[in-house]
>>> print(open('final07.pdb').read())   # PDB, C-alpha atoms
ATOM      1  CA  MET A   2      -9.819   2.424  24.843
ATOM      2  CA  ASN A   3      -8.358  -1.059  25.012
ATOM      3  CA  ASN A   4      -7.928  -3.514  22.143
ATOM      4  CA  ALA A   5     -10.931  -5.581  23.205
ATOM      5  CA  ALA A   6     -13.159  -2.541  22.964
ATOM      6  CA  HIS A   7     -11.804  -1.788  19.512
ATOM      7  CA  ALA A   8     -12.511  -5.368  18.374
ATOM      8  CA  ASP A   9     -16.157  -5.025  19.467
ATOM      9  CA  ARG A  10     -16.838  -2.560  16.618
ATOM     10  CA  PRO A  11     -16.297  -4.592  13.423
ATOM     11  CA  VAL A  12     -18.829  -2.570  11.416
ATOM     12  CA  LEU A  13     -16.784   0.574  12.010
ATOM     13  CA  GLY A  14     -13.628  -1.309  11.028
ATOM     14  CA  VAL A  15     -15.230  -2.474   7.791
ATOM     15  CA  MET A  16     -16.436   1.051   6.987
ATOM     16  CA  LEU A  17     -12.950   2.444   7.557
ATOM     17  CA  MET A  18     -11.478  -0.194   5.233
ATOM     18  CA  LEU A  19     -14.099   0.648   2.609
ATOM     19  CA  GLY A  20     -12.975   4.255   2.920
ATOM     20  CA  PHE A  21      -9.427   3.172   2.198
ATOM     21  CA  CYS A  22     -10.490   1.103  -0.834
ATOM     22  CA  ALA A  23     -12.388   4.077  -2.276
ATOM     23  CA  MET A  24      -9.810   6.779  -1.534
ATOM     24  CA  ALA A  25      -6.600   5.009  -2.589
ATOM     25  CA  PRO A  26      -7.581   4.648  -6.294
ATOM     26  CA  LEU A  27      -8.649   8.313  -6.383
ATOM     27  CA  GLY A  28      -5.184   9.314  -5.189
ATOM     28  CA  ASP A  29      -3.583   7.015  -7.776
ATOM     29  CA  ALA A  30      -5.772   8.492 -10.511
ATOM     30  CA  SER A  31      -4.624  11.991  -9.528
ATOM     31  CA  ALA A  32      -0.997  10.834  -9.774
ATOM     32  CA  LYS A  33      -1.676   9.270 -13.183
ATOM     33  CA  ALA A  34      -3.143  12.556 -14.431
ATOM     34  CA  LEU A  35      -0.196  14.588 -13.126
ATOM     35  CA  GLY A  36       2.528  12.230 -14.310
ATOM     36  CA  ALA A  37       2.293  13.465 -17.885
ATOM     37  CA  THR A  38       3.116  17.080 -16.943
ATOM     38  CA  MET A  39       5.192  16.943 -13.753
ATOM     39  CA  ALA A  40       8.547  15.364 -12.883
ATOM     40  CA  LEU A  41       8.314  12.351 -10.610
ATOM     41  CA  GLY A  42      10.712  13.839  -8.057
ATOM     42  CA  GLN A  43       8.587  16.946  -7.620
ATOM     43  CA  LEU A  44       5.447  14.833  -7.410
ATOM     44  CA  LEU A  45       6.907  12.683  -4.623
ATOM     45  CA  LEU A  46       8.340  15.669  -2.752
ATOM     46  CA  ILE A  47       5.007  17.480  -2.624
ATOM     47  CA  ARG A  48       3.079  14.299  -1.808
ATOM     48  CA  PHE A  49       5.191  13.591   1.294
ATOM     49  CA  ALA A  50       5.395  17.259   2.267
ATOM     50  CA  ILE A  51       1.597  17.316   2.425
ATOM     51  CA  GLN A  52       1.657  14.168   4.562
ATOM     52  CA  ALA A  53       4.081  15.838   6.975
ATOM     53  CA  ALA A  54       2.062  19.073   7.024
ATOM     54  CA  LEU A  55      -1.170  17.224   7.778
ATOM     55  CA  LEU A  56       0.084  14.920  10.507
ATOM     56  CA  THR A  57       2.676  16.970  12.369
ATOM     57  CA  PRO A  58       0.061  19.328  13.901
ATOM     58  CA  LEU A  59      -2.134  16.300  14.641
ATOM     59  CA  ILE A  60       0.549  14.918  16.940
ATOM     60  CA  ALA A  61       0.488  18.142  18.947
ATOM     61  CA  VAL A  62      -3.323  18.155  19.086
ATOM     62  CA  THR A  63      -3.496  14.530  20.291
ATOM     63  CA  GLY A  64      -0.719  14.971  22.812
ATOM     64  CA  GLY A  65       1.623  12.640  20.949
ATOM     65  CA  THR A  66       5.382  12.875  20.629
ATOM     66  CA  PHE A  67       8.032  12.544  17.967
ATOM     67  CA  ARG A  68      10.326  10.684  20.349
ATOM     68  CA  MET A  69      11.384   7.223  19.205
ATOM     69  CA  THR A  70      13.892   4.700  20.444
ATOM     70  CA  PRO A  71      17.003   4.349  18.244
ATOM     71  CA  ARG A  72      15.742   0.972  17.019
ATOM     72  CA  VAL A  73      12.306   2.291  16.044
ATOM     73  CA  LEU A  74      13.813   5.380  14.394
ATOM     74  CA  ARG A  75      16.164   3.203  12.352
ATOM     75  CA  LEU A  76      13.294   0.974  11.225
ATOM     76  CA  THR A  77      11.181   4.056  10.458
ATOM     77  CA  LEU A  78      13.876   5.444   8.164
ATOM     78  CA  ILE A  79      14.208   2.086   6.379
ATOM     79  CA  ARG A  80      10.437   1.927   6.050
ATOM     80  CA  THR A  81      10.346   5.471   4.657
ATOM     81  CA  VAL A  82      12.915   4.715   1.950
ATOM     82  CA  ILE A  83      10.967   1.610   0.918
ATOM     83  CA  HIS A  84       7.724   3.636   0.874
ATOM     84  CA  VAL A  85       9.151   6.430  -1.290
ATOM     85  CA  VAL A  86      10.658   4.015  -3.824
ATOM     86  CA  ALA A  87       7.483   1.900  -3.973
ATOM     87  CA  ILE A  88       5.214   4.908  -4.534
ATOM     88  CA  GLY A  89       7.613   6.251  -7.159
ATOM     89  CA  MET A  90       7.478   2.930  -9.005
ATOM     90  CA  MET A  91       3.674   2.860  -8.833
ATOM     91  CA  PHE A  92       3.352   6.442 -10.079
ATOM     92  CA  THR A  93       5.646   5.517 -12.978
ATOM     93  CA  ALA A  94       3.670   2.363 -13.767
ATOM     94  CA  LEU A  95       0.458   4.380 -13.895
ATOM     95  CA  GLN A  96       1.831   6.352 -16.849
ATOM     96  CA  TYR A  97       1.847   3.159 -18.895
ATOM     97  CA  LEU A  98      -0.907   0.928 -17.493
ATOM     98  CA  PRO A  99      -4.624   1.222 -16.835
ATOM     99  CA  LEU A 100      -5.318   1.978 -13.184
ATOM    100  CA  ALA A 101      -7.081  -1.333 -12.498
ATOM    101  CA  ASP A 102      -4.314  -3.378 -14.168
ATOM    102  CA  ALA A 103      -1.547  -1.703 -12.156
ATOM    103  CA  ILE A 104      -3.360  -2.188  -8.845
ATOM    104  CA  ALA A 105      -4.348  -5.779  -9.691
ATOM    105  CA  ILE A 106      -0.736  -6.702 -10.497
ATOM    106  CA  ALA A 107       0.403  -5.130  -7.222
ATOM    107  CA  PHE A 108      -2.088  -7.378  -5.401
ATOM    108  CA  VAL A 109       0.425 -10.185  -5.785
ATOM    109  CA  MET A 110       1.775  -8.737  -2.507
ATOM    110  CA  PRO A 111      -0.231 -11.087  -0.192
ATOM    111  CA  PHE A 112       1.333 -14.071  -1.949
ATOM    112  CA  ILE A 113       4.806 -12.575  -1.554
ATOM    113  CA  MET A 114       4.085 -11.895   2.125
ATOM    114  CA  LEU A 115       3.069 -15.523   2.620
ATOM    115  CA  LEU A 116       6.228 -16.812   0.940
ATOM    116  CA  LEU A 117       8.472 -14.394   2.847
ATOM    117  CA  GLY A 118       6.864 -15.575   6.077
ATOM    118  CA  ARG A 119       7.455 -19.191   5.076
ATOM    119  CA  PHE A 120      11.095 -18.916   4.003
ATOM    120  CA  PHE A 121      12.442 -16.045   6.124
ATOM    121  CA  LEU A 122      10.318 -15.987   9.277
ATOM    122  CA  ASN A 123       9.800 -19.780   9.547
ATOM    123  CA  GLU A 124       6.023 -19.353   9.625
ATOM    124  CA  GLU A 125       4.081 -22.532   8.899
ATOM    125  CA  VAL A 126       2.446 -22.445   5.450
ATOM    126  CA  GLY A 127       0.635 -25.540   4.226
ATOM    127  CA  PRO A 128       0.774 -27.001   0.706
ATOM    128  CA  ARG A 129      -2.717 -25.738  -0.176
ATOM    129  CA  ARG A 130      -1.751 -22.156   0.536
ATOM    130  CA  ILE A 131       1.479 -22.609  -1.442
ATOM    131  CA  ALA A 132      -0.630 -23.930  -4.331
ATOM    132  CA  ALA A 133      -2.948 -20.930  -4.010
ATOM    133  CA  CYS A 134       0.117 -18.647  -4.241
ATOM    134  CA  ALA A 135       1.095 -20.375  -7.489
ATOM    135  CA  VAL A 136      -2.419 -19.914  -8.880
ATOM    136  CA  GLY A 137      -2.370 -16.272  -7.799
ATOM    137  CA  PHE A 138       0.937 -15.713  -9.600
ATOM    138  CA  VAL A 139      -0.549 -17.243 -12.742
ATOM    139  CA  GLY A 140      -3.490 -14.843 -12.479
ATOM    140  CA  THR A 141      -1.087 -11.940 -12.066
ATOM    141  CA  LEU A 142       0.869 -13.020 -15.145
ATOM    142  CA  MET A 143      -2.415 -13.062 -17.090
ATOM    143  CA  VAL A 144      -2.800  -9.381 -16.177
ATOM    144  CA  VAL A 145       0.850  -8.607 -16.933
ATOM    145  CA  GLN A 146       0.997 -10.374 -20.314
ATOM    146  CA  PRO A 147      -1.194  -8.061 -22.415
ATOM    147  CA  SER A 148       0.280  -5.013 -20.680
ATOM    148  CA  PHE A 149       3.835  -6.268 -21.282
ATOM    149  CA  ALA A 150       3.013  -6.869 -24.934
ATOM    150  CA  ALA A 151       1.734  -3.294 -25.211
ATOM    151  CA  VAL A 152       4.261  -1.272 -23.177
ATOM    152  CA  GLY A 153       7.165  -3.605 -22.387
ATOM    153  CA  ALA A 154       9.181  -3.538 -19.147
ATOM    154  CA  PRO A 155       7.077  -0.858 -17.361
ATOM    155  CA  ALA A 156       4.344  -3.507 -17.031
ATOM    156  CA  LEU A 157       6.615  -5.241 -14.505
ATOM    157  CA  LEU A 158       6.856  -2.194 -12.225
ATOM    158  CA  PRO A 159       3.782  -3.149 -10.132
ATOM    159  CA  LEU A 160       5.497  -6.472  -9.364
ATOM    160  CA  GLY A 161       8.380  -4.455  -7.933
ATOM    161  CA  VAL A 162       5.855  -2.387  -5.989
ATOM    162  CA  ALA A 163       4.372  -5.583  -4.555
ATOM    163  CA  ILE A 164       7.784  -6.848  -3.415
ATOM    164  CA  LEU A 165       8.642  -3.502  -1.818
ATOM    165  CA  PHE A 166       5.299  -3.214  -0.030
ATOM    166  CA  ALA A 167       5.698  -6.758   1.286
ATOM    167  CA  LEU A 168       9.025  -5.655   2.795
ATOM    168  CA  PHE A 169       7.307  -2.451   3.966
ATOM    169  CA  MET A 170       4.716  -4.525   5.844
ATOM    170  CA  LEU A 171       7.373  -6.789   7.372
ATOM    171  CA  VAL A 172       9.290  -3.764   8.686
ATOM    172  CA  THR A 173       6.037  -2.245   9.977
ATOM    173  CA  ARG A 174       5.263  -5.482  11.845
ATOM    174  CA  GLN A 175       8.577  -5.168  13.677
ATOM    175  CA  MET A 176       7.638  -1.781  15.136
ATOM    176  CA  ALA A 177       3.830  -1.585  15.140
ATOM    177  CA  LYS A 178       3.519  -2.193  18.889
ATOM    178  CA  ASP A 179       6.159   0.396  19.751
ATOM    179  CA  VAL A 180       4.910   3.512  17.955
ATOM    180  CA  ASP A 181       1.616   5.311  17.380
ATOM    181  CA  PRO A 182       0.414   5.153  13.734
ATOM    182  CA  ILE A 183       0.076   8.946  13.453
ATOM    183  CA  THR A 184       3.580   9.464  14.822
ATOM    184  CA  LEU A 185       4.943   6.827  12.452
ATOM    185  CA  GLN A 186       3.322   8.428   9.413
ATOM    186  CA  ALA A 187       4.285  11.954  10.502
ATOM    187  CA  VAL A 188       7.942  11.056  11.034
ATOM    188  CA  SER A 189       7.961   9.215   7.703
ATOM    189  CA  GLY A 190       6.508  12.267   5.978
ATOM    190  CA  VAL A 191       9.081  14.602   7.524
ATOM    191  CA  ALA A 192      11.978  12.246   6.762
ATOM    192  CA  ALA A 193      10.863  11.731   3.163
ATOM    193  CA  THR A 194      10.413  15.483   2.648
ATOM    194  CA  ILE A 195      13.881  16.269   4.006
ATOM    195  CA  GLY A 196      15.487  13.488   1.977
ATOM    196  CA  LEU A 197      13.726  14.310  -1.274
ATOM    197  CA  GLY A 198      14.254  18.046  -0.749
ATOM    198  CA  ALA A 199      17.990  17.574  -0.230
ATOM    199  CA  ALA A 200      18.203  15.313  -3.294
ATOM    200  CA  ALA A 201      16.313  17.911  -5.365
ATOM    201  CA  LEU A 202      18.909  20.552  -4.411
ATOM    202  CA  ILE A 203      21.911  18.291  -5.022
ATOM    203  CA  PHE A 204      20.622  16.829  -8.288
ATOM    204  CA  ALA A 205      18.748  19.882  -9.565
ATOM    205  CA  ASP A 206      20.007  19.273 -13.111
ATOM    206  CA  TRP A 207      18.402  15.830 -13.291
ATOM    207  CA  SER A 208      15.142  15.625 -15.194
ATOM    208  CA  PHE A 209      13.804  13.509 -12.315
ATOM    209  CA  PHE A 210      13.791  16.668 -10.160
ATOM    210  CA  ALA A 211      12.831  19.180 -12.867
ATOM    211  CA  MET A 212      10.812  21.681 -10.859
ATOM    212  CA  LYS A 213       7.961  23.757 -12.303
ATOM    213  CA  ALA A 214       5.322  26.035 -10.871
ATOM    214  CA  PRO A 215       2.102  23.998 -10.732
ATOM    215  CA  THR A 216      -1.034  25.453 -12.264
ATOM    216  CA  GLY A 217      -4.176  25.881 -10.201
ATOM    217  CA  PHE A 218      -5.601  22.553 -11.369
ATOM    218  CA  GLU A 219      -2.276  20.807 -10.781
ATOM    219  CA  TRP A 220      -2.272  22.115  -7.206
ATOM    220  CA  THR A 221      -5.722  20.580  -6.797
ATOM    221  CA  LEU A 222      -4.452  17.213  -7.999
ATOM    222  CA  LEU A 223      -1.321  17.476  -5.835
ATOM    223  CA  ALA A 224      -3.471  18.209  -2.793
ATOM    224  CA  ALA A 225      -5.651  15.218  -3.687
ATOM    225  CA  ILE A 226      -2.601  12.924  -3.884
ATOM    226  CA  GLY A 227      -1.249  14.053  -0.526
ATOM    227  CA  VAL A 228      -4.537  14.192   1.365
ATOM    228  CA  LEU A 229      -6.043  11.020  -0.096
ATOM    229  CA  GLY A 230      -2.840   9.027   0.286
ATOM    230  CA  THR A 231      -2.333  10.139   3.886
ATOM    231  CA  VAL A 232      -5.941   9.722   4.999
ATOM    232  CA  ALA A 233      -6.389   6.407   3.163
ATOM    233  CA  HIS A 234      -3.452   4.795   4.945
ATOM    234  CA  LEU A 235      -4.624   6.138   8.295
ATOM    235  CA  LEU A 236      -8.076   4.667   7.640
ATOM    236  CA  MET A 237      -6.520   1.290   6.896
ATOM    237  CA  THR A 238      -4.406   1.476  10.072
ATOM    238  CA  TRP A 239      -7.358   2.529  12.215
ATOM    239  CA  SER A 240      -9.616  -0.145  10.723
ATOM    240  CA  LEU A 241      -7.341  -2.802  12.232
ATOM    241  CA  ARG A 242      -7.981  -1.326  15.677
ATOM    242  CA  PHE A 243     -11.729  -1.913  15.410
ATOM    243  CA  ALA A 244     -11.934  -5.222  13.551
ATOM    244  CA  PRO A 245      -9.654  -8.269  13.254
ATOM    245  CA  SER A 246      -7.443  -8.572  10.186
ATOM    246  CA  ALA A 247      -9.247 -11.790   9.209
ATOM    247  CA  THR A 248     -12.438  -9.760   8.790
ATOM    248  CA  LEU A 249     -10.791  -6.915   6.913
ATOM    249  CA  ALA A 250      -8.404  -8.748   4.601
ATOM    250  CA  PRO A 251     -11.079  -9.803   2.054
ATOM    251  CA  MET A 252     -12.350  -6.211   1.988
ATOM    252  CA  GLN A 253      -9.040  -4.964   0.594
ATOM    253  CA  TYR A 254      -9.756  -6.672  -2.721
ATOM    254  CA  LEU A 255     -12.600  -4.187  -3.226
ATOM    255  CA  GLU A 256      -9.870  -1.723  -4.168
ATOM    256  CA  ILE A 257      -9.697  -3.439  -7.582
ATOM    257  CA  PRO A 258     -13.345  -2.799  -8.633
ATOM    258  CA  PHE A 259     -13.075   0.729  -7.190
ATOM    259  CA  ALA A 260      -9.947   1.245  -9.308
ATOM    260  CA  THR A 261     -11.721  -0.156 -12.374
ATOM    261  CA  ILE A 262     -14.585   2.327 -11.948
ATOM    262  CA  VAL A 263     -12.238   5.278 -11.336
ATOM    263  CA  GLY A 264      -9.990   4.308 -14.272
ATOM    264  CA  TRP A 265     -12.956   4.010 -16.606
ATOM    265  CA  ALA A 266     -14.529   7.281 -15.444
ATOM    266  CA  ALA A 267     -11.303   9.306 -15.534
ATOM    267  CA  PHE A 268      -9.380   7.785 -18.440
ATOM    268  CA  GLY A 269     -11.754   5.440 -20.283
ATOM    269  CA  ASP A 270      -9.531   2.481 -19.338
ATOM    270  CA  LEU A 271     -10.891  -1.008 -18.806
ATOM    271  CA  PRO A 272      -8.968  -4.298 -18.445
ATOM    272  CA  ASN A 273      -9.077  -6.435 -21.594
ATOM    273  CA  GLY A 274     -10.521  -9.954 -21.550
ATOM    274  CA  LEU A 275      -7.346 -11.806 -20.505
ATOM    275  CA  ALA A 276      -6.516  -9.217 -17.857
ATOM    276  CA  ALA A 277     -10.062  -9.378 -16.468
ATOM    277  CA  ILE A 278      -9.808 -13.162 -16.147
ATOM    278  CA  GLY A 279      -6.400 -12.775 -14.505
ATOM    279  CA  ILE A 280      -7.818 -10.288 -11.997
ATOM    280  CA  ALA A 281     -10.584 -12.765 -11.121
ATOM    281  CA  VAL A 282      -8.036 -15.582 -10.680
ATOM    282  CA  THR A 283      -5.788 -13.391  -8.497
ATOM    283  CA  VAL A 284      -8.692 -12.266  -6.305
ATOM    284  CA  GLY A 285      -9.993 -15.832  -5.990
ATOM    285  CA  ALA A 286      -6.577 -17.166  -4.960
ATOM    286  CA  GLY A 287      -6.126 -14.349  -2.464
ATOM    287  CA  LEU A 288      -9.520 -14.942  -0.898
ATOM    288  CA  TYR A 289      -8.777 -18.685  -0.670
ATOM    289  CA  ILE A 290      -5.528 -17.953   1.195
ATOM    290  CA  ILE A 291      -7.411 -15.697   3.610
ATOM    291  CA  TRP A 292     -10.037 -18.420   4.156
ATOM    292  CA  ARG A 293      -7.330 -21.042   4.808
ATOM    293  CA  GLU A 294      -5.551 -18.760   7.279
ATOM    294  CA  ARG A 295      -8.815 -18.218   9.161
ATOM    295  CA  ALA A 296      -9.528 -21.973   9.183
ATOM    296  CA  THR A 297      -6.013 -22.720  10.411
ATOM    297  CA  ALA A 298      -6.311 -20.102  13.163
ATOM    298  CA  ARG A 299      -9.657 -21.569  14.314
ATOM    299  CA  ALA A 300      -8.216 -25.079  14.359
ATOM    300  CA  SER A 301      -5.209 -23.933  16.389
ATOM    301  CA  ALA A 302      -7.473 -22.138  18.876
ATOM    302  CA  ALA A 303      -9.679 -25.244  19.278
ATOM    303  CA  ALA A 304      -6.765 -27.663  19.727
ATOM    304  CA  PRO A 305      -6.239 -28.856  23.335
ATOM    305  CA  PRO A 306      -3.051 -27.642  25.019
ATOM    306  CA  ALA A 307      -0.085 -29.962  24.929
ATOM    307  CA  ALA A 308       0.394 -32.073  28.021
TER     308      ALA A 308
END
>>> encode(input="final07.pdb", output="C-alpha cells")
Amino acid sequence: MNNAAHADRPVLGVMLMLGFCAMAPLGDASAKALGATMALGQLLLIRFAIQAALLTPLIAVTGGTFRMTPRVLRLTLIRTVIHVVAIGMMFTALQYLPLADAIAIAFVMPFIMLLLGRFFLNEEVGPRRIAACAVGFVGTLMVVQPSFAAVGAPALLPLGVAILFALFMLVTRQMAKDVDPITLQAVSGVAATIGLGAAALIFADWSFFAMKAPTGFEWTLLAAIGVLGTVAHLLMTWSLRFAPSATLAPMQYLEIPFATIVGWAAFGDLPNGLAAIGIAVTVGAGLYIIWRERATARASAAAPPAA
C-alpha cells in the first residue's frame, strides 16, 4: 500500500494514536508499581527482552529482514542507547513523582525539538513559535516547582527524559525512510537486551543490577511493561502511516489526561493546583505551536513558485 493510500485513512490513524495515548500511561504505571521492589537494571533488561521476543518472530512472519546498512546500524545503536537511558530516567522519576506530573514535564520535548531544529538543523522558526516555547517552558516549570519542593532533584529527571527523547526523534528522522519500523524496534530490543545483559554480568555486584526472582504478580507487571511499551510505540509509528503528523500531533496531548486518570486510579495521585495550571499552560503552548506549524505549511503550499 502506498503512502497516499495510508493518508486516506485518517480515522484509523487517530484511533491508533488514541491507542498509544491510553497504553503508554498503563505501562508507566506498571513500572512505577515495580520500581519499589525491583532494581532498575533488571526492570530495563526484562522490558527490552520482551520487546525483542515479541518483534523478532514478527519480522520472520512478515518476511522482513534484520539486514541494515552500516550507517543505519550505527544510528540504530545510538538510538538504542538514548532509548534505554531515557526510559531508565523516566522509570526513576516515577518513583518520586505522580504519573501525570512526570509525563506533563516530559511534554516539554516538542519545544526542545523546535529549538533544536532552529539552532542545529537551520529550520525556520518564527518569533511567535519561539514565544510559545518560552510560555511552554514556564508551564513546565509550574509543574516542576511543587514537585522539586517536595522531592528535590528527581523532579528534574523528566526534563532530562524530554531532552533525550528529542535527540531520539532527531536520530529516528535520519533513518526512518531506510528501515522498517518493526525491524528498527526489533533490532533495538535485541541490542538493548545484549548490552544490558552483558552489563548485568560484569557489574553483578552493583545494586543497579541486583537480580531477584519476580513473584507471579511482578511477572504480570513486567509483561505489561514490555507488551504495552512495545505495542504503544508501534501504534504511534503506524498511526503516522495512515494520517498526517499535523492531524495526530494534537492527539498526543491526550496522554496527559489518560495519565491523570491512571495515576489517580492506581496510586491516588492528582496534580496539585499549581501543577494543574502548569499542565494547562504547557498543553496550550504546545497546541499553539502545532497550529502555527500547520498554518505555515498551508501558506508555503499556497505560495506561487519563484520565477
>>> axis_aligned_box(input="final07.pdb", around="range 99-117 of chain A", padding_each_side="6 Å", output="lines of an AutoDock Vina configuration file")
center_x = 0.7
center_y = -7.4
center_z = -7.0
size_x = 27.6
size_y = 30.8
size_z = 31.7
>>> residues_around(input="final07.pdb", residues="Thr231 in chain A", least_positions_apart="6", cutoff="10 Å", atoms="all atoms listed in the file", output="number ranges by chain")
A: 24-25, 28, 48-49, 51-53, 55-56, 183, 186-187, 190, 225
>>> write_last_selection(input="final07.pdb", atoms="C-alpha atoms", output="JSON list (two decimals), in the coordinates of the input")
[["chain", "number", "residue", "atom", "x", "y", "z"],
["A", 24, "MET", "CA", -9.81, 6.78, -1.53],
["A", 25, "ALA", "CA", -6.60, 5.01, -2.59],
["A", 28, "GLY", "CA", -5.18, 9.31, -5.19],
["A", 48, "ARG", "CA", 3.08, 14.30, -1.81],
["A", 49, "PHE", "CA", 5.19, 13.59, 1.29],
["A", 51, "ILE", "CA", 1.60, 17.32, 2.42],
["A", 52, "GLN", "CA", 1.66, 14.17, 4.56],
["A", 53, "ALA", "CA", 4.08, 15.84, 6.98],
["A", 55, "LEU", "CA", -1.17, 17.22, 7.78],
["A", 56, "LEU", "CA", 0.08, 14.92, 10.51],
["A", 183, "ILE", "CA", 0.08, 8.95, 13.45],
["A", 186, "GLN", "CA", 3.32, 8.43, 9.41],
["A", 187, "ALA", "CA", 4.28, 11.95, 10.50],
["A", 190, "GLY", "CA", 6.51, 12.27, 5.98],
["A", 225, "ALA", "CA", -5.65, 15.22, -3.69]]
>>> residues_around(input="final07.pdb", residues="Gly161 in chain A", least_positions_apart="3", cutoff="9 Å", atoms="all atoms listed in the file", output="PDB file with C-alpha atoms, in the frame of the given file")
ATOM      1  CA  ALA A  87       7.483   1.900  -3.973  1.00  0.00           C
ATOM      2  CA  MET A  90       7.478   2.930  -9.005  1.00  0.00           C
ATOM      3  CA  MET A  91       3.674   2.860  -8.833  1.00  0.00           C
ATOM      4  CA  ALA A 107       0.403  -5.130  -7.222  1.00  0.00           C
ATOM      5  CA  LEU A 157       6.615  -5.241 -14.505  1.00  0.00           C
ATOM      6  CA  LEU A 158       6.856  -2.194 -12.225  1.00  0.00           C
ATOM      7  CA  ILE A 164       7.784  -6.848  -3.415  1.00  0.00           C
ATOM      8  CA  LEU A 165       8.642  -3.502  -1.818  1.00  0.00           C
ATOM      9  CA  PHE A 166       5.299  -3.214  -0.030  1.00  0.00           C
TER      10      PHE A 166
END
>>> closest_atom_pairs(input="final07.pdb", of="range 90-160 of chain A", to="range 262-278 of chain A", cutoff="6 Å", atoms="only C-alpha atoms", output="tab-separated table")
residue	atom	partner	partner_atom	distance
A:Pro99	CA	A:Asp270	CA	5.7
A:Leu100	CA	A:Gly264	CA	5.3
A:Met143	CA	A:Ala276	CA	5.7
A:Val144	CA	A:Ala276	CA	4.1
>>> resolve_selection(input="final07.pdb", expression="the PyMOL selection byres ((chain A and resi 224) around 10)", output="PyMOL selection string")
chain A and resi 28+31+47-48+51-52+218-223+225-230
>>> resolve_selection(input="final07.pdb", expression="the PyMOL selection byres ((chain A and resi 210-217) around 9)", output="PyMOL selection string")
chain A and resi 39-44+200-202+204-209+218-223
>>> residues_around(input="final07.pdb", residues="Arg72 in chain A", least_positions_apart="6", cutoff="12 Å", atoms="all atoms listed in the file", output="ChimeraX atom specification")
/A:78-79,172,175-176,179-180
>>> atom_distance(input="final07.pdb", atom1="CA of Leu117 in chain A", atom2="CA of Cys134 in chain A")
11.8 Å
>>> resolve_selection(input="final07.pdb", expression="the PyMOL selection byres ((chain A and resi 236) around 8)", output="MDAnalysis selection string")
chainID A and resid 17:18 20:21 232:235 237:240
>>> residues_around(input="final07.pdb", residues="Thr173 in chain A", least_positions_apart="3", cutoff="10 Å", atoms="all atoms listed in the file", output="list in words")
Val73, Leu76, Thr77, Ile79, Arg80, Ala167, Leu168, Phe169, Met170, Met176, Ala177, Lys178, Val180 and Leu185 of chain A
>>> residues_near_point(input="final07.pdb", point="(4.7, -9.9, -9.0)", cutoff="12 Å", atoms="all atoms listed in the file", output="NGL selection string")
:A and (103-114 or 134-135 or 137-146 or 156-167 or 283)
>>> atom_distance(input="final07.pdb", atom1="CA of Pro258 in chain A", atom2="CA of Val282 in chain A")
14.0 Å
>>> atom_distance(input="final07.pdb", atom1="CA of Leu98 in chain A", atom2="CA of Ile290 in chain A")
27.0 Å
>>> closest_residue(input="final07.pdb", among="A:Leu45, A:Ala101, A:Ala94, A:Ala132", to="Pro155 in chain A", atoms="all atoms listed in the file")
A:Ala94
